[in-house]
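This report refers to the structure that appears directly beneath it.
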Amino acid sequence: MNPIETLDHGITRIDSGYVRPALAAFYLVAENGRVAFIDTGTSHSLPLAVAALEQLGLERDQVDYVMPTHVHLDHGGGAGALMAAFPAARLVVHPRGASHLIDPARLIAGSTVVYGEKEMARLFGEVVPIPAERVIESMDGMEVDLGGRPLRLLHTPGHALHHYCVWDVASRGIFSGDTFGISYRELDTARGPFLFATTTPVQLDPDAWLATVDRLMALDPDAVYLTHFGRVGDLDRLANDLRDDLVFDRDLARAHRGDAEPAVAIRAGLQERFLARLEAHGCTLPRAELLELLAMDLDLNSQGLAVWLARQQGR
Ligand SMILES: [Zn+2]
């Protein structure tokens with residue numbers, strides 16, 4: 001499958017190839033010969049970004065903006081590599097994330113705790129620093145002008161404090177990063193897409209996230225462009241699934257507040273719920289295949305909930 005797929009409204013979806021095909025995307029938006037990348041993949045994604053420009057007949061100096069929705073490395077890890085390759089671009093990043101991309105030392109250290117040193121290099125490559133003078137810090141409600149097309153930035157706490165979403169009025173689409181959850185195409189059935197929350201470490205806040213979902217849905221969007229993975233519709237159902245998931249996940253974590261190692265029981269509880277939800281969704285993939293497909297998310301989601309739980313307990 002071609003990793004570069006042109007949708008409508010000047011939007012191109014690029015599969016970054018992070019971990020496996022169809023796991024993580026980033027987007028190119030073009031308007032009047034000007035280009036924004038929303039999310040970036042990792043440093044390994046630069047050749048794909050360049051190939052997407054070439055496929056559309058665009059030059060590197062037509063890129064105005066590089067816009068990581070947040071600084072988790074599958075979203076913003078490639079920002080420095082893209083900025084180095086696109087001389088006219090400015091980086092648009094949440095003020096809580098800016099310093100991490102200007103000097104990625106702490107970001108790399110934090111992610112190494114989650115992924116381990118060997119995996120860090122394989123998954124993300126070298127995280128390239130970005131000169132501070134090329135950085136624009138986002139403000140909630142701020143509009144970025146892409147060749148006359150307004151891209152509105154909304155600060156969206158819940159998955160992470162350093163997260164914004166992009167409201168693209170022209171397509172009535174939201175570029176949601178991780179804030180509208182994850183929906184893998186392998187889990188599509190006759191009922192449509194299957195969506196779940198991504199409760200990754202370390203700034204998860206389920207209650208703030210529930211408020212953010214309401215705020216995004218109040219825009220009455222036609223489509224959400226997920227990083228994991230691709231464009232989805234059927235948004236009322238998916239938003240309700242996301243809300244249900246957040247409440248379930250939060251309560252599951254709280255139920256294990258007395259455990260010595262809460263992440264273990266949380267992981268088991270998440271797995272049980274995944275399998276039940278997928279069965280109700282009409283998913284017929286074998287259990288072993290599902291568990292392999294979801295293994296990384298089960299690990300990260302249970303870790304994120306355990307970290308949130310510890311923070312609730314003042315640890
Ligand atoms: Zn994230």
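The chains in the structure tokens are called A, B, ... from first to last as shown; in each chain the residues are counted from 1, and the ligands are counted from 1 in the order shown.
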Considering only C-alpha atoms and all ligand atoms, give me a table of residues in chain A that are at most 9 Å from ligand 1, with the closest atom pair and distance in Å for each, as a tab-separated table.
residue	atom	partner	partner_atom_place_in_ligand_line	distance
A:Thr69	CA	ligand 1	1 (Zn)	8.6
A:His70	CA	ligand 1	1 (Zn)	6.7
A:Val71	CA	ligand 1	1 (Zn)	7.4
A:His72	CA	ligand 1	1 (Zn)	4.9
A:Leu73	CA	ligand 1	1 (Zn)	7.8
A:Asp74	CA	ligand 1	1 (Zn)	7.4
A:His75	CA	ligand 1	1 (Zn)	7.0
A:His159	CA	ligand 1	1 (Zn)	6.5
A:Ala160	CA	ligand 1	1 (Zn)	6.8
A:His163	CA	ligand 1	1 (Zn)	8.2
A:Gly177	CA	ligand 1	1 (Zn)	7.1
A:Asp178	CA	ligand 1	1 (Zn)	5.2
A:Thr179	CA	ligand 1	1 (Zn)	7.9
A:Thr198	CA	ligand 1	1 (Zn)	7.4
A:Thr199	CA	ligand 1	1 (Zn)	8.3
A:Thr200	CA	ligand 1	1 (Zn)	6.4
A:Pro201	CA	ligand 1	1 (Zn)	8.3
Residues from last step as file, C-alpha atoms, as a tab-separated table (two decimals), in the first residue's frame:
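See out-v2.tsv below for the written result:
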chain	number	residue	atom	x	y	z
A	69	THR	CA	-0.02	18.27	18.04
A	70	HIS	CA	2.05	17.38	21.09
A	71	VAL	CA	5.60	16.37	21.83
A	72	HIS	CA	5.22	12.61	22.28
A	73	LEU	CA	7.84	11.25	19.92
A	74	ASP	CA	5.54	9.44	17.47
A	75	HIS	CA	3.89	12.85	16.86
A	159	HIS	CA	-4.12	12.98	26.87
A	160	ALA	CA	-1.31	15.45	27.60
A	163	HIS	CA	-1.52	18.94	23.34
A	177	GLY	CA	-3.32	13.91	17.49
A	178	ASP	CA	-4.07	11.50	20.35
A	179	THR	CA	-6.96	13.49	21.83
A	198	THR	CA	-4.95	6.36	24.53
A	199	THR	CA	-4.05	6.80	28.18
A	200	THR	CA	-0.30	7.02	27.68
A	201	PRO	CA	2.14	8.34	30.36
>> Excluding A:Pro221 and its own-chain neighbours fewer than 6 positions away, which residues fall within 9 Å of it when counting only C-alpha atoms? Please give them as a list in words.
In response: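 Contacts, with the query itself left out: Trp167, Val169, Ser171, Arg172, Gly173, Ile174, Gly233 and Leu235 of chain A.
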Those residues with N, CA and C atoms, as a PDB file, in the first residue's frame please?
ATOM      1  N   TRP A 167      -8.417  22.753  14.285  1.00  0.00           N
ATOM      2  CA  TRP A 167      -9.763  22.817  13.699  1.00  0.00           C
ATOM      3  C   TRP A 167      -9.639  23.490  12.345  1.00  0.00           C
ATOM      4  N   VAL A 169     -11.506  24.733   9.422  1.00  0.00           N
ATOM      5  CA  VAL A 169     -12.878  25.116   9.060  1.00  0.00           C
ATOM      6  C   VAL A 169     -13.179  24.711   7.616  1.00  0.00           C
ATOM      7  N   SER A 171     -12.409  22.130   5.825  1.00  0.00           N
ATOM      8  CA  SER A 171     -12.847  20.739   5.661  1.00  0.00           C
ATOM      9  C   SER A 171     -13.809  20.321   6.768  1.00  0.00           C
ATOM     10  N   ARG A 172     -14.068  21.218   7.708  1.00  0.00           N
ATOM     11  CA  ARG A 172     -14.815  20.877   8.936  1.00  0.00           C
ATOM     12  C   ARG A 172     -14.207  19.615   9.567  1.00  0.00           C
ATOM     13  N   GLY A 173     -12.873  19.618   9.604  1.00  0.00           N
ATOM     14  CA  GLY A 173     -12.156  18.477  10.151  1.00  0.00           C
ATOM     15  C   GLY A 173     -11.304  18.880  11.346  1.00  0.00           C
ATOM     16  N   ILE A 174     -11.141  17.944  12.259  1.00  0.00           N
ATOM     17  CA  ILE A 174     -10.256  18.139  13.410  1.00  0.00           C
ATOM     18  C   ILE A 174      -9.050  17.219  13.253  1.00  0.00           C
ATOM     19  N   GLY A 233     -15.282   9.074  10.396  1.00  0.00           N
ATOM     20  CA  GLY A 233     -16.557   9.770  10.550  1.00  0.00           C
ATOM     21  C   GLY A 233     -17.346   9.075  11.648  1.00  0.00           C
ATOM     22  N   LEU A 235     -19.005  10.300  14.064  1.00  0.00           N
ATOM     23  CA  LEU A 235     -18.316  10.898  15.215  1.00  0.00           C
ATOM     24  C   LEU A 235     -19.133  10.883  16.499  1.00  0.00           C
TER      25      LEU A 235
END
Could you please write out, as a PDB file with C-alpha atoms, in the first residue's frame, every residue of stretch 119-199 of chain A that DSSP assigns to alpha helix (DSSP H)?
ATOM      1  CA  GLU A 119      14.097   0.714  21.156  1.00  0.00           C
ATOM      2  CA  MET A 120      14.539   4.493  21.338  1.00  0.00           C
ATOM      3  CA  ALA A 121      17.166   4.456  18.596  1.00  0.00           C
ATOM      4  CA  ARG A 122      15.298   1.982  16.427  1.00  0.00           C
ATOM      5  CA  LEU A 123      11.903   3.654  16.739  1.00  0.00           C
ATOM      6  CA  PHE A 124      12.794   7.320  16.721  1.00  0.00           C
TER       7      PHE A 124
END
> Do you know which residues are at most 12 Å from A:Ala255 counting only C-alpha atoms, after dropping those on the same chain fewer than 4 positions away, and could you put them as a PyMOL selection string?
Replying inline: chain A and resi 248-251+259+262-263+265-266+269+305-306+309
>> Measuring between only C-alpha atoms, which one of A:Ala132, A:Ala276, A:Cys165, A:Ala81 shows the shortest distance to A:Asp103?
In response: A:Ala132
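With only C-alpha atoms as the atoms that count, the minimum distance from A:Pro87 to the choices A:Glu54, A:Asp61, A:Asp140, A:Asp145 is reached by A:Asp61.
Nearest residue to A:Arg231 among A:Arg185, A:Arg20, A:Arg215, A:Arg311 is A:Arg185, counting only C-alpha atoms.
If you look at atom CA of A:Ala25 and atom CA of A:Val166, they are 15.0 Å away from each other.
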>> If we count only C-alpha atoms and set the cut-off at 9 Å, which residues sit around A:Leu187, ignoring sequence neighbours fewer than 4 positions away in its own chain? Please answer as a PyMOL selection string.
In response: chain A and resi 183+192-195+278+281+283-285+290
>> Just list as a PyMOL selection string whatever in stretch 86-306 of chain A DSSP marks as strand (DSSP E or B).
In response: chain A and resi 90-93+135-137+143-146+149-155+164-168+173-177+182+189+192+196+223-226+230-232
> Could you work out how far atom CA of A:Val127 lies from atom CA of A:Ser43, giving the answer in Å with one decimal?
Replying inline: 6.5 Å
>> Just want the 12 Å neighbourhood of A:Asp214, counted on only C-alpha atoms, with same-chain residues fewer than 4 positions away dropped. Output as a list in words.
In response: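 So, after excluding close chain neighbours, the residues are Thr156, Gly158, Thr179, Phe180, Asp207, Ala208, Trp209, Leu210, Ala218, Leu219, Asp220, Pro221, Leu235, Asp236, Ala239, Asn240, Leu242 and Arg243 of chain A.
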